[in-house]
$ cat run_21.txt   # compact mmCIF, C-alpha atoms and all ligand atoms
# COMPACT_ATOMS: atom_id res chain seq x y z
CA MET A 142 -19.87 16.39 2.87
CA SER A 143 -16.21 16.48 2.11
CA ALA A 144 -13.44 15.72 4.56
CA ARG A 145 -11.84 18.22 6.85
CA VAL A 146 -8.14 18.35 5.94
CA LEU A 147 -6.07 18.90 9.07
CA PRO A 148 -2.31 19.22 9.60
CA ALA A 149 -0.91 15.89 10.76
CA ASP A 150 1.65 17.50 13.06
CA SER A 151 -0.98 19.30 15.14
CA PRO A 152 -1.87 17.63 18.47
CA GLN A 153 -5.38 19.09 18.23
CA ALA A 154 -5.86 17.55 14.79
CA ILE A 155 -4.70 14.20 16.13
CA ALA A 156 -7.15 14.46 19.04
CA GLU A 157 -9.97 15.30 16.65
CA ALA A 158 -9.08 12.46 14.29
CA ALA A 159 -8.88 10.04 17.22
CA SER A 160 -12.37 11.00 18.35
CA VAL A 161 -13.65 10.42 14.80
CA ILE A 162 -12.14 6.92 14.92
CA ARG A 163 -13.66 6.24 18.32
CA GLY A 164 -17.04 7.47 17.05
CA GLY A 165 -17.05 5.00 14.15
CA GLY A 166 -15.86 7.45 11.47
CA LEU A 167 -13.14 7.27 8.84
CA VAL A 168 -9.77 9.03 8.97
CA ALA A 169 -7.28 9.14 6.14
CA PHE A 170 -3.79 9.37 7.59
CA PRO A 171 -0.19 9.36 6.40
CA THR A 172 2.09 6.42 6.96
CA GLU A 173 5.69 6.06 5.84
CA THR A 174 4.48 3.88 2.91
CA VAL A 175 1.23 5.36 1.54
CA TYR A 176 -1.86 7.09 2.99
CA GLY A 177 -4.37 4.78 4.68
CA LEU A 178 -8.14 5.09 5.12
CA GLY A 179 -8.64 4.03 8.72
CA ALA A 180 -11.45 2.81 10.94
CA ASN A 181 -11.59 1.31 14.42
CA ALA A 182 -10.60 -2.31 13.74
CA PHE A 183 -12.91 -3.51 16.52
CA ASP A 184 -15.98 -1.74 15.07
CA PRO A 185 -17.46 -3.83 12.22
CA ARG A 186 -19.82 -1.06 11.09
CA ALA A 187 -16.98 1.43 10.77
CA VAL A 188 -14.91 -1.14 8.87
CA ALA A 189 -17.85 -1.74 6.54
CA ARG A 190 -17.75 1.96 5.64
CA VAL A 191 -14.12 1.55 4.55
CA PHE A 192 -15.07 -1.22 2.12
CA GLN A 193 -17.92 0.91 0.82
CA ALA A 194 -15.78 4.03 0.39
CA LYS A 195 -13.21 2.16 -1.68
CA ALA A 196 -15.73 0.03 -3.58
CA ARG A 197 -13.56 -2.78 -2.28
CA PRO A 198 -14.79 -6.36 -2.60
CA SER A 199 -15.57 -7.89 0.77
CA PHE A 200 -13.22 -10.79 0.06
CA ASP A 201 -10.14 -8.56 0.26
CA PRO A 202 -8.91 -8.33 3.89
CA LEU A 203 -7.59 -5.16 5.56
CA ILE A 204 -4.31 -4.61 7.40
CA VAL A 205 -4.60 -3.83 11.11
CA HIS A 206 -2.31 -1.06 12.34
CA LEU A 207 -0.96 -0.99 15.90
CA ALA A 208 0.75 1.75 17.90
CA GLU A 209 3.33 -0.63 19.35
CA ALA A 210 4.54 -4.15 18.75
CA SER A 211 3.52 -4.88 22.34
CA ASP A 212 -0.14 -4.47 21.26
CA LEU A 213 0.19 -7.50 18.97
CA PRO A 214 -1.47 -10.05 21.31
CA ARG A 215 -4.70 -8.00 21.08
CA VAL A 216 -5.14 -9.04 17.46
CA ALA A 217 -2.82 -11.97 16.71
CA ALA A 218 -1.49 -15.12 18.24
CA VAL A 219 2.27 -14.85 18.64
CA LEU A 220 3.19 -18.51 18.42
CA ASP A 221 6.26 -18.32 16.26
CA PRO A 222 9.61 -17.02 17.63
CA ARG A 223 10.27 -15.55 14.18
CA THR A 224 7.36 -13.15 14.72
CA GLU A 225 9.12 -11.61 17.66
CA ARG A 226 12.44 -11.40 15.88
CA LEU A 227 10.91 -9.69 12.86
CA ALA A 228 8.83 -7.32 14.95
CA ARG A 229 11.83 -6.28 17.04
CA ARG A 230 13.97 -5.73 13.97
CA PHE A 231 11.53 -4.05 11.56
CA TRP A 232 8.72 -2.39 13.54
CA PRO A 233 7.83 0.35 13.38
CA GLY A 234 8.28 0.10 9.62
CA PRO A 235 7.01 -1.03 6.21
CA LEU A 236 6.44 -4.70 7.08
CA THR A 237 3.05 -6.41 7.41
CA LEU A 238 3.01 -9.83 9.06
CA VAL A 239 0.19 -12.27 8.36
CA LEU A 240 -0.46 -14.23 11.55
CA ALA A 241 -3.19 -16.34 13.14
CA LYS A 242 -5.87 -13.91 14.35
CA THR A 243 -7.49 -13.64 17.76
CA ASP A 244 -11.27 -13.72 18.26
CA ALA A 245 -11.19 -9.99 19.01
CA VAL A 246 -10.72 -9.17 15.31
CA PRO A 247 -14.10 -9.00 13.52
CA GLU A 248 -14.53 -11.23 10.48
CA ILE A 249 -15.15 -8.28 8.18
CA VAL A 250 -11.56 -7.09 8.75
CA THR A 251 -10.03 -10.39 7.65
CA SER A 252 -12.70 -11.30 5.07
CA GLY A 253 -13.48 -14.37 7.10
CA LEU A 254 -9.88 -15.67 7.07
CA ASP A 255 -8.43 -17.05 10.29
CA THR A 256 -5.34 -14.90 9.75
CA VAL A 257 -4.80 -11.16 10.11
CA GLY A 258 -2.30 -8.80 8.46
CA VAL A 259 -0.69 -6.56 11.08
CA ARG A 260 1.81 -3.74 11.04
CA VAL A 261 3.20 -0.95 13.22
CA PRO A 262 3.62 2.13 10.98
CA ALA A 263 6.71 4.32 11.38
CA HIS A 264 5.07 7.69 10.64
CA PRO A 265 4.84 9.94 13.74
CA ALA A 266 1.28 11.06 12.89
CA ALA A 267 0.10 7.47 12.40
CA HIS A 268 1.67 6.56 15.71
CA ALA A 269 0.12 9.55 17.47
CA LEU A 270 -3.31 8.72 16.02
CA LEU A 271 -3.08 5.08 17.11
CA VAL A 272 -2.05 6.11 20.63
CA ALA A 273 -4.80 8.73 20.92
CA ALA A 274 -7.52 6.47 19.48
CA ALA A 275 -6.38 3.70 21.84
CA THR A 276 -7.58 1.03 19.42
CA PRO A 277 -6.05 -0.86 16.51
CA ILE A 278 -6.96 0.79 13.18
CA ALA A 279 -7.90 -1.23 10.11
CA ALA A 280 -6.72 0.65 7.04
CA PRO A 281 -6.27 -0.13 3.39
CA SER A 282 -4.51 2.30 1.10
CA ALA A 283 -6.77 5.37 0.67
CA ASN A 284 -7.57 4.92 -3.04
CA PRO A 285 -10.55 3.53 -4.95
CA PHE A 286 -10.10 -0.24 -5.27
CA GLY A 287 -7.67 -1.15 -8.04
CA TYR A 288 -6.21 2.33 -8.54
CA VAL A 289 -2.73 3.63 -7.71
CA SER A 290 -2.17 4.22 -3.95
CA PRO A 291 -2.01 7.81 -2.62
CA THR A 292 1.28 9.27 -1.43
CA THR A 293 0.00 12.78 -0.64
CA ALA A 294 -3.09 14.13 1.12
CA ALA A 295 -4.15 15.78 -2.17
CA HIS A 296 -4.27 12.33 -3.83
CA VAL A 297 -6.67 11.20 -1.10
CA VAL A 298 -8.88 14.28 -1.31
CA GLU A 299 -9.16 13.99 -5.10
CA GLN A 300 -10.62 10.50 -4.95
CA LEU A 301 -11.95 9.79 -1.47
CA GLY A 302 -12.52 13.29 -0.15
CA GLU A 303 -16.25 12.64 0.19
CA ALA A 304 -15.81 9.38 2.06
CA ALA A 305 -13.33 10.32 4.77
CA ASP A 306 -14.45 12.41 7.74
CA VAL A 307 -10.95 13.75 8.31
CA VAL A 308 -7.79 13.71 6.19
CA LEU A 309 -4.57 14.23 8.11
CA ASP A 310 -2.07 15.96 5.82
CA GLY A 311 1.46 14.85 6.63
CA GLY A 312 3.05 15.71 3.28
CA PRO A 313 4.48 13.15 0.85
CA CYS A 314 5.10 9.62 2.08
CA ARG A 315 8.77 8.77 2.56
CA VAL A 316 8.77 5.18 1.25
CA GLY A 317 6.07 5.61 -1.40
CA VAL A 318 5.13 1.96 -2.01
CA GLU A 319 3.02 -0.20 0.30
CA SER A 320 4.43 -2.41 3.03
CA THR A 321 6.00 -5.77 2.27
CA ILE A 322 3.57 -8.52 3.32
CA LEU A 323 5.16 -11.64 4.83
CA SER A 324 2.99 -14.57 5.79
CA LEU A 325 4.12 -16.49 8.85
CA ALA A 326 0.83 -18.38 8.76
CA GLN A 327 2.28 -20.77 6.21
CA ASP A 328 5.31 -23.02 6.22
CA PRO A 329 7.75 -21.97 4.92
CA PRO A 330 6.92 -18.26 5.28
CA ALA A 331 6.43 -16.44 1.98
CA ILE A 332 6.26 -12.89 0.70
CA LEU A 333 2.68 -12.21 -0.42
CA ARG A 334 3.46 -8.71 -1.68
CA PRO A 335 6.90 -7.15 -2.23
CA GLY A 336 6.96 -3.64 -0.81
CA GLY A 337 8.80 -1.01 1.15
CA LEU A 338 11.01 -3.43 3.06
CA ALA A 339 13.47 -5.21 0.76
CA ARG A 340 13.27 -8.98 0.50
CA GLU A 341 17.04 -9.12 1.12
CA GLU A 342 16.59 -7.54 4.56
CA LEU A 343 13.94 -10.05 5.56
CA GLU A 344 16.07 -12.94 4.33
CA ALA A 345 19.07 -11.67 6.29
CA CYS A 346 16.99 -11.44 9.46
CA LEU A 347 15.47 -14.91 9.09
CA GLY A 348 18.63 -16.50 7.70
CA THR A 349 16.70 -18.19 4.91
CA PRO A 350 15.66 -17.44 1.34
CA LEU A 351 12.03 -16.36 0.98
CA ALA A 352 9.76 -17.34 -1.86
CA LEU A 353 7.60 -14.75 -3.53
CA ALA A 354 4.10 -16.18 -3.70
CA SER A 355 2.78 -15.99 -7.25
CA ALA A 356 -0.54 -14.26 -7.85
CA ALA A 357 -2.13 -17.57 -8.77
CA ALA A 358 -0.90 -19.16 -5.55
CA ARG A 359 -2.52 -16.53 -3.37
CA PRO A 360 -6.19 -17.32 -3.21
CA SER A 361 -6.15 -16.20 0.41
CA ALA A 362 -5.01 -12.72 -0.58
CA PRO A 363 -7.27 -11.56 -3.38
CA GLY A 364 -5.87 -8.04 -3.11
CA GLN A 365 -2.74 -9.50 -4.61
CA LEU A 366 -4.66 -10.11 -7.81
CA LEU A 367 -2.47 -9.60 -10.82
CA VAL A 368 -4.56 -6.68 -11.98
CA HIS A 369 -4.16 -3.83 -9.51
CA TYR A 370 -2.49 -0.48 -9.05
CA ALA A 371 -3.73 0.40 -12.52
CA THR A 372 -3.73 3.74 -14.22
CA ARG A 373 -6.67 4.55 -16.49
CA THR A 374 -4.19 5.02 -19.31
CA PRO A 375 -2.86 1.74 -20.72
CA LEU A 376 0.69 1.09 -19.50
CA ARG A 377 3.40 -1.07 -21.01
CA ILE A 378 6.80 -2.00 -19.64
CA LEU A 379 9.74 -1.59 -22.02
CA GLY A 380 12.49 -4.18 -22.42
CA GLY A 381 15.19 -1.61 -21.64
CA PRO A 382 15.88 2.14 -21.71
CA ALA A 383 13.45 4.10 -23.91
CA GLN A 384 14.55 4.86 -27.47
CA GLU A 385 11.88 7.00 -29.06
CA ALA A 386 8.12 7.30 -28.71
CA PRO A 387 6.30 4.76 -30.91
CA ALA A 388 4.31 6.11 -33.81
CA GLY A 389 0.58 5.56 -34.03
CA ALA A 390 -0.11 5.34 -30.30
CA GLY A 391 -1.29 8.92 -29.94
CA ARG A 392 0.41 11.00 -27.27
CA VAL A 393 2.74 8.75 -25.29
CA GLY A 394 4.12 9.34 -21.79
CA LEU A 395 7.40 7.95 -20.50
CA LEU A 396 8.10 6.77 -16.96
CA ALA A 397 11.89 6.86 -17.04
CA LEU A 398 14.16 5.19 -14.55
CA GLY A 399 16.92 7.72 -15.10
CA PRO A 400 17.74 10.83 -17.11
CA THR A 401 16.69 10.31 -20.72
CA ALA A 402 16.98 12.04 -24.06
CA ALA A 403 14.50 9.76 -25.83
CA PRO A 404 12.59 11.93 -28.33
CA GLY A 405 8.92 12.16 -29.18
CA PHE A 406 7.26 11.70 -25.79
CA ALA A 407 4.42 14.03 -24.82
CA ALA A 408 5.46 13.87 -21.16
CA VAL A 409 8.37 12.37 -19.25
CA GLU A 410 8.63 11.53 -15.54
CA VAL A 411 12.13 10.70 -14.28
CA LEU A 412 12.06 8.53 -11.15
CA THR A 413 15.70 8.82 -10.14
CA GLU A 414 18.71 10.83 -11.27
CA ASP A 415 21.28 8.32 -10.01
CA GLY A 416 19.68 4.86 -10.00
CA ASP A 417 18.67 5.00 -6.32
CA LEU A 418 15.75 2.54 -6.26
CA ALA A 419 14.41 3.75 -2.89
CA ALA A 420 14.14 7.27 -4.32
CA ALA A 421 12.47 5.85 -7.42
CA ALA A 422 9.91 3.96 -5.28
CA SER A 423 9.09 7.08 -3.29
CA ARG A 424 8.23 8.93 -6.52
CA LEU A 425 6.55 6.10 -8.43
CA PHE A 426 2.86 6.57 -7.59
CA ALA A 427 2.82 10.38 -7.81
CA ALA A 428 4.55 10.14 -11.20
CA LEU A 429 2.02 7.57 -12.44
CA ARG A 430 -0.84 9.81 -11.29
CA ARG A 431 0.62 12.84 -13.06
CA LEU A 432 1.00 10.90 -16.32
CA ASP A 433 -2.48 9.41 -15.91
CA ALA A 434 -4.00 12.90 -15.59
CA LEU A 435 -2.78 13.98 -19.03
CA GLY A 436 -5.23 12.02 -21.19
CA LEU A 437 -2.40 10.18 -22.98
CA GLY A 438 -2.93 7.22 -25.28
CA LEU A 439 -0.20 5.13 -23.66
CA ILE A 440 2.35 5.17 -20.84
CA LEU A 441 5.65 3.37 -21.42
CA ALA A 442 7.69 2.44 -18.35
CA GLU A 443 11.39 1.64 -18.26
CA PRO A 444 12.19 -1.50 -16.28
CA CYS A 445 14.42 -1.47 -13.19
CA PRO A 446 16.62 -4.13 -11.58
CA GLU A 447 14.61 -6.38 -9.24
CA ARG A 448 16.74 -5.92 -6.16
CA GLY A 449 16.04 -3.84 -3.07
CA LEU A 450 12.94 -1.73 -3.66
CA GLY A 451 13.19 -2.50 -7.39
CA LEU A 452 11.25 -5.70 -6.69
CA ALA A 453 8.25 -3.69 -5.44
CA ILE A 454 8.53 -1.19 -8.30
CA MET A 455 8.45 -3.91 -10.96
CA ASP A 456 5.60 -5.69 -9.13
CA ARG A 457 3.50 -2.51 -9.23
CA LEU A 458 4.35 -1.82 -12.87
CA ARG A 459 3.46 -5.38 -13.94
CA ARG A 460 0.11 -5.15 -12.20
CA ALA A 461 -0.56 -1.78 -13.76
CA ALA A 462 0.32 -3.26 -17.15
CA ALA A 463 -1.91 -6.29 -16.80
CA ARG A 464 -4.39 -6.42 -19.64
CA SER A 465 -8.17 -5.93 -19.62
CA HIS A 466 -8.46 -4.26 -16.26
CA PRO A 467 -11.79 -5.45 -14.84
CA TYR A 468 -12.14 -2.42 -12.60
CA ARG A 469 -11.25 0.16 -15.22
CA GLN A 470 -14.90 1.06 -15.69
CA MET A 471 -15.22 1.68 -11.96
CA ILE A 472 -12.30 4.06 -11.45
O1 LIG A 501 1.70 0.03 3.40
C1 LIG A 501 0.61 -0.53 3.52
O2 LIG A 501 0.50 -1.76 3.71
C2 LIG A 501 -0.65 0.35 3.41
C3 LIG A 501 -0.65 1.31 4.59
C4 LIG A 501 -1.91 2.14 4.65
O3 LIG A 501 -0.44 0.62 5.79
N1 LIG A 501 -1.82 -0.46 3.40
C5 LIG A 501 -2.19 -1.20 2.32
O4 LIG A 501 -3.43 -1.81 2.47
O5 LIG A 501 -1.51 -1.30 1.32
P1 LIG A 501 -4.21 -2.47 1.25
O6 LIG A 501 -5.51 -2.86 1.84
O7 LIG A 501 -4.22 -1.56 0.12
O8 LIG A 501 -3.40 -3.75 0.94
C6 LIG A 501 -3.35 -4.75 1.92
C7 LIG A 501 -3.16 -6.09 1.32
C8 LIG A 501 -4.39 -6.56 0.58
O9 LIG A 501 -4.06 -6.83 -0.74
C9 LIG A 501 -4.82 -7.82 1.31
O10 LIG A 501 -5.22 -8.82 0.42
C10 LIG A 501 -3.59 -8.21 2.09
O11 LIG A 501 -2.97 -7.00 2.39
N2 LIG A 501 -3.96 -8.86 3.34
C11 LIG A 501 -4.53 -8.30 4.41
N3 LIG A 501 -4.81 -9.23 5.34
C12 LIG A 501 -4.39 -10.41 4.85
C13 LIG A 501 -4.40 -11.74 5.31
N4 LIG A 501 -4.92 -12.07 6.50
N5 LIG A 501 -3.89 -12.71 4.51
C14 LIG A 501 -3.35 -12.40 3.32
N6 LIG A 501 -3.32 -11.14 2.81
C15 LIG A 501 -3.83 -10.17 3.56
MG MG A 502 -4.21 -0.96 -1.71
$ encode --input "run_21.txt" --output "C-alpha cells"
Amino acid sequence: MSARVLPADSPQAIAEAASVIRGGGLVAFPTETVYGLGANAFDPRAVARVFQAKARPSFDPLIVHLAEASDLPRVAAVLDPRTERLARRFWPGPLTLVLAKTDAVPEIVTSGLDTVGVRVPAHPAAHALLVAAATPIAAPSANPFGYVSPTTAAHVVEQLGEAADVVLDGGPCRVGVESTILSLAQDPPAILRPGGLAREELEACLGTPLALASAAARPSAPGQLLVHYATRTPLRILGGPAQEAPAGAGRVGLLALGPTAAPGFAAVEVLTEDGDLAAAASRLFAALRRLDALGLGLILAEPCPERGLGLAIMDRLRRAAARSHPYRQMI
C-alpha cells in the first residue's frame, strides 16, 4: 500500500500522522534541512521498520528529533555546559549534537553506541508532529540508503512511497542539506558531518576552532562513509568553472555554480545566480535528482568555495563522486 500524502499545514493531518507514530508506523515529514522518515524513537520495532524501508545497514545510527531542547534529558545526558550553550543558540535548527545517551534510547536507534545524535528541527510541521506524538522521533533522511536526500514530498513518494504510512507534504525544504553533526562526546569536539549550520557559526559560539573528522577517523559514524549521497549517474567535480562538455562521454550534464555559457552540455542546472551558497545548498539535491533522471553518461559539477554552506556542498559532491559505489546496484 502506498503512503497517504497529507498537507503538512493541516492540524488534522498532523493529528493523523501523530497517531501513526504512536501506533508504531512510519511518517515521512518535512524539516528545514531535508525530509525525514520517522518512527517513535522509544519503539524498537517501529525503528526496525525504518532500517528496513531504507535498506539501511544496522550499524548506521539514527538521529533522534525532539520538540523542544527541554526534552533533551529524556534521551541524552547533559553533562557539558557547551551542550546548553549550543542548544540555546542553535535550536531549533540544523544542528545535531552527539551526546552520551540515556538508557531510555533503544540500542537499535544508536546501533549499539553509547552516544545518541539529537536535534530539534525548526520546521513548524516537524515541531507540530513531535508535540502531537508526544515522543521523540528517530528519523534518517527519507531516501534509500546511499542515495541523495529528499527535499520535496515528491522525492519521498518516488522512492519510499510504499514504505511510509503517511507523507506530510510541506513543500521544498528551506536549507536543503542535512544538519551539521557535532560530537560533544569526544574531546575536543569535532564536526562529524558538515551541513546546514556553518562551521564558522559553531566556532564563533564555542570560541574555538573545530576539526572536521575525516571519513577514515569516523568508525563510530558509518553513515559518514566516503561513498554516500550518490547519483546513479557517475559524477565528477571540475577544477574550476566549466569550459565545454568533454567529447566521448556520451550526453553530459552540468551542475553549475553560477550562470554559464559553457557549450555542449545535454542539460545544465544552475545552483545560484549570484554566488549565494545558502541558496545553492537549498537547490543542490533537487538539481542532482533532475540530472540523474535524464539517463546521462556523466554529470560534471563545478566546485564552490568551502566557506559557509559551501563546506557541506563540497562534502556532498565529493561523496557523490567517490568511485565504485558499493550500493549502486541497490538504488
Ligand atoms: O538534517 C538531518 O540531519 C536529517 C533530518 C531528517 O533531520 N537527518 C539525517 O539523518 O540526515 P541520516 O540518518 O540520513 O544521517 C544521520 C547521520 C548518520 O550518518 C549517522 O551515522 C549519524 O548521523 N549519527 C547518528 N547518530 C550518531 C551517533 N551517535 N554518533 C555518530 N554519528 C551518528
Ligand atoms: Mg541520510
$ closest_residue --input "run_21.txt" --among "A:Cys346, A:Leu325, A:Val216, A:Ala339" --to "Thr276 in chain A" --atoms "only C-alpha atoms"
A:Val216
$ residues_near_ligand --input "run_21.txt" --ligand "ligand MG 502 (chain A)" --cutoff "10 Å" --atoms "all atoms listed in the file" --output "PyMOL selection string"
chain A and resi 175-178+195+197+201+203-204+280-291+318-320+364-365+369-370
$ residues_around --input "run_21.txt" --residues "Pro185 in chain A" --least-positions-apart "5" --cutoff "10 Å" --atoms "only C-alpha atoms" --output "list in words"
Gly165, Ala180, Arg190, Val191, Val246, Pro247, Glu248, Ile249 and Val250 of chain A
$ residues_around --input "run_21.txt" --residues "Gly394 in chain A" --least-positions-apart "2" --cutoff "12 Å" --atoms "only C-alpha atoms" --output "PDB file with C-alpha atoms, in the frame of the given file"
ATOM      1  CA  THR A 374      -4.190   5.020 -19.310  1.00  0.00           C
ATOM      2  CA  PRO A 375      -2.860   1.740 -20.720  1.00  0.00           C
ATOM      3  CA  LEU A 376       0.690   1.090 -19.500  1.00  0.00           C
ATOM      4  CA  ARG A 377       3.400  -1.070 -21.010  1.00  0.00           C
ATOM      5  CA  ILE A 378       6.800  -2.000 -19.640  1.00  0.00           C
ATOM      6  CA  ALA A 383      13.450   4.100 -23.910  1.00  0.00           C
ATOM      7  CA  GLU A 385      11.880   7.000 -29.060  1.00  0.00           C
ATOM      8  CA  ALA A 386       8.120   7.300 -28.710  1.00  0.00           C
ATOM      9  CA  PRO A 387       6.300   4.760 -30.910  1.00  0.00           C
ATOM     10  CA  ALA A 390      -0.110   5.340 -30.300  1.00  0.00           C
ATOM     11  CA  GLY A 391      -1.290   8.920 -29.940  1.00  0.00           C
ATOM     12  CA  ARG A 392       0.410  11.000 -27.270  1.00  0.00           C
ATOM     13  CA  LEU A 396       8.100   6.770 -16.960  1.00  0.00           C
ATOM     14  CA  ALA A 397      11.890   6.860 -17.040  1.00  0.00           C
ATOM     15  CA  ALA A 403      14.500   9.760 -25.830  1.00  0.00           C
ATOM     16  CA  PRO A 404      12.590  11.930 -28.330  1.00  0.00           C
ATOM     17  CA  GLY A 405       8.920  12.160 -29.180  1.00  0.00           C
ATOM     18  CA  PHE A 406       7.260  11.700 -25.790  1.00  0.00           C
ATOM     19  CA  ALA A 407       4.420  14.030 -24.820  1.00  0.00           C
ATOM     20  CA  ALA A 408       5.460  13.870 -21.160  1.00  0.00           C
ATOM     21  CA  VAL A 409       8.370  12.370 -19.250  1.00  0.00           C
ATOM     22  CA  GLU A 410       8.630  11.530 -15.540  1.00  0.00           C
ATOM     23  CA  VAL A 411      12.130  10.700 -14.280  1.00  0.00           C
ATOM     24  CA  ALA A 428       4.550  10.140 -11.200  1.00  0.00           C
ATOM     25  CA  LEU A 429       2.020   7.570 -12.440  1.00  0.00           C
ATOM     26  CA  ARG A 430      -0.840   9.810 -11.290  1.00  0.00           C
ATOM     27  CA  ARG A 431       0.620  12.840 -13.060  1.00  0.00           C
ATOM     28  CA  LEU A 432       1.000  10.900 -16.320  1.00  0.00           C
ATOM     29  CA  ASP A 433      -2.480   9.410 -15.910  1.00  0.00           C
ATOM     30  CA  ALA A 434      -4.000  12.900 -15.590  1.00  0.00           C
ATOM     31  CA  LEU A 435      -2.780  13.980 -19.030  1.00  0.00           C
ATOM     32  CA  GLY A 436      -5.230  12.020 -21.190  1.00  0.00           C
ATOM     33  CA  LEU A 437      -2.400  10.180 -22.980  1.00  0.00           C
ATOM     34  CA  GLY A 438      -2.930   7.220 -25.280  1.00  0.00           C
ATOM     35  CA  LEU A 439      -0.200   5.130 -23.660  1.00  0.00           C
ATOM     36  CA  ILE A 440       2.350   5.170 -20.840  1.00  0.00           C
ATOM     37  CA  LEU A 441       5.650   3.370 -21.420  1.00  0.00           C
ATOM     38  CA  ALA A 442       7.690   2.440 -18.350  1.00  0.00           C
ATOM     39  CA  GLU A 443      11.390   1.640 -18.260  1.00  0.00           C
TER      40      GLU A 443
END
$ residues_around --input "run_21.txt" --residues "Pro446 in chain A" --least-positions-apart "5" --cutoff "10 Å" --atoms "all atoms listed in the file" --output "ChimeraX atom specification"
/A:416,418,451-452,454-455
$ closest_residue --input "run_21.txt" --among "A:Gly164, A:Pro235, A:Pro444, A:Gly302" --to "ligand LIG 501 (chain A)" --atoms "only C-alpha atoms and all ligand atoms"
A:Pro235
$ residues_near_point --input "run_21.txt" --point "(-12.4, 8.1, 7.2)" --cutoff "6 Å" --atoms "only C-alpha atoms" --output "PyMOL selection string"
chain A and resi 166-169+178-179+305-307
$ atom_distance --input "run_21.txt" --atom1 "CA of Asp255 in chain A" --atom2 "CA of Ser355 in chain A"
20.8 Å
$ residues_near_point --input "run_21.txt" --point "(-0.3, -14.2, 9.3)" --cutoff "7 Å" --atoms "only C-alpha atoms" --output "list of chain:residue names"
A:Leu238, A:Val239, A:Leu240, A:Ala241, A:Thr256, A:Val257, A:Gly258, A:Ser324, A:Leu325, A:Ala326
$ write_last_selection --input "run_21.txt" --atoms "C-alpha atoms" --output "compact mmCIF listing (two decimals), keeping the file's coordinate frame"
# COMPACT_ATOMS: atom_id res chain seq x y z
CA LEU A 238 3.01 -9.83 9.06
CA VAL A 239 0.19 -12.27 8.36
CA LEU A 240 -0.46 -14.23 11.55
CA ALA A 241 -3.19 -16.34 13.14
CA THR A 256 -5.34 -14.90 9.75
CA VAL A 257 -4.80 -11.16 10.11
CA GLY A 258 -2.30 -8.80 8.46
CA SER A 324 2.99 -14.57 5.79
CA LEU A 325 4.12 -16.49 8.85
CA ALA A 326 0.83 -18.38 8.76
$ atom_distance --input "run_21.txt" --atom1 "CA of Leu220 in chain A" --atom2 "CA of Pro330 in chain A"
13.7 Å
$ closest_residue --input "run_21.txt" --among "A:Val308, A:Cys314, A:Ala144, A:Ala228" --to "Thr172 in chain A" --atoms "only C-alpha atoms"
A:Cys314
$ closest_residue --input "run_21.txt" --among "A:Glu173, A:Asp221, A:Asp328, A:Asp417" --to "ligand LIG 501 (chain A)" --atoms "only C-alpha atoms and all ligand atoms"
A:Glu173
$ closest_residue --input "run_21.txt" --among "A:Ala275, A:Ile322, A:Asp184, A:Asp244" --to "Arg260 in chain A" --atoms "only C-alpha atoms"
A:Ile322
$ closest_residue --input "run_21.txt" --among "A:Arg226, A:Arg457, A:Arg215, A:Arg340" --to "ligand LIG 501 (chain A)" --atoms "only C-alpha atoms and all ligand atoms"
A:Arg457
$ residues_around --input "run_21.txt" --residues "range 293-295 of chain A" --least-positions-apart "2" --cutoff "6 Å" --atoms "only C-alpha atoms" --output "PDB file with C-alpha atoms, in the frame of the given file"
ATOM      1  CA  PRO A 291      -2.010   7.810  -2.620  1.00  0.00           C
ATOM      2  CA  VAL A 297      -6.670  11.200  -1.100  1.00  0.00           C
ATOM      3  CA  VAL A 298      -8.880  14.280  -1.310  1.00  0.00           C
ATOM      4  CA  ASP A 310      -2.070  15.960   5.820  1.00  0.00           C
ATOM      5  CA  GLY A 312       3.050  15.710   3.280  1.00  0.00           C
ATOM      6  CA  PRO A 313       4.480  13.150   0.850  1.00  0.00           C
TER       7      PRO A 313
END
$ atom_distance --input "run_21.txt" --atom1 "CA of Leu353 in chain A" --atom2 "CA of Arg229 in chain A"
22.6 Å
$ axis_aligned_box --input "run_21.txt" --around "range 371-376 of chain A" --padding-each-side "5 Å" --output "JSON"
{"center_x": -3.0, "center_y": 2.7, "center_z": -16.6, "size_x": 17.4, "size_y": 14.6, "size_z": 18.2}
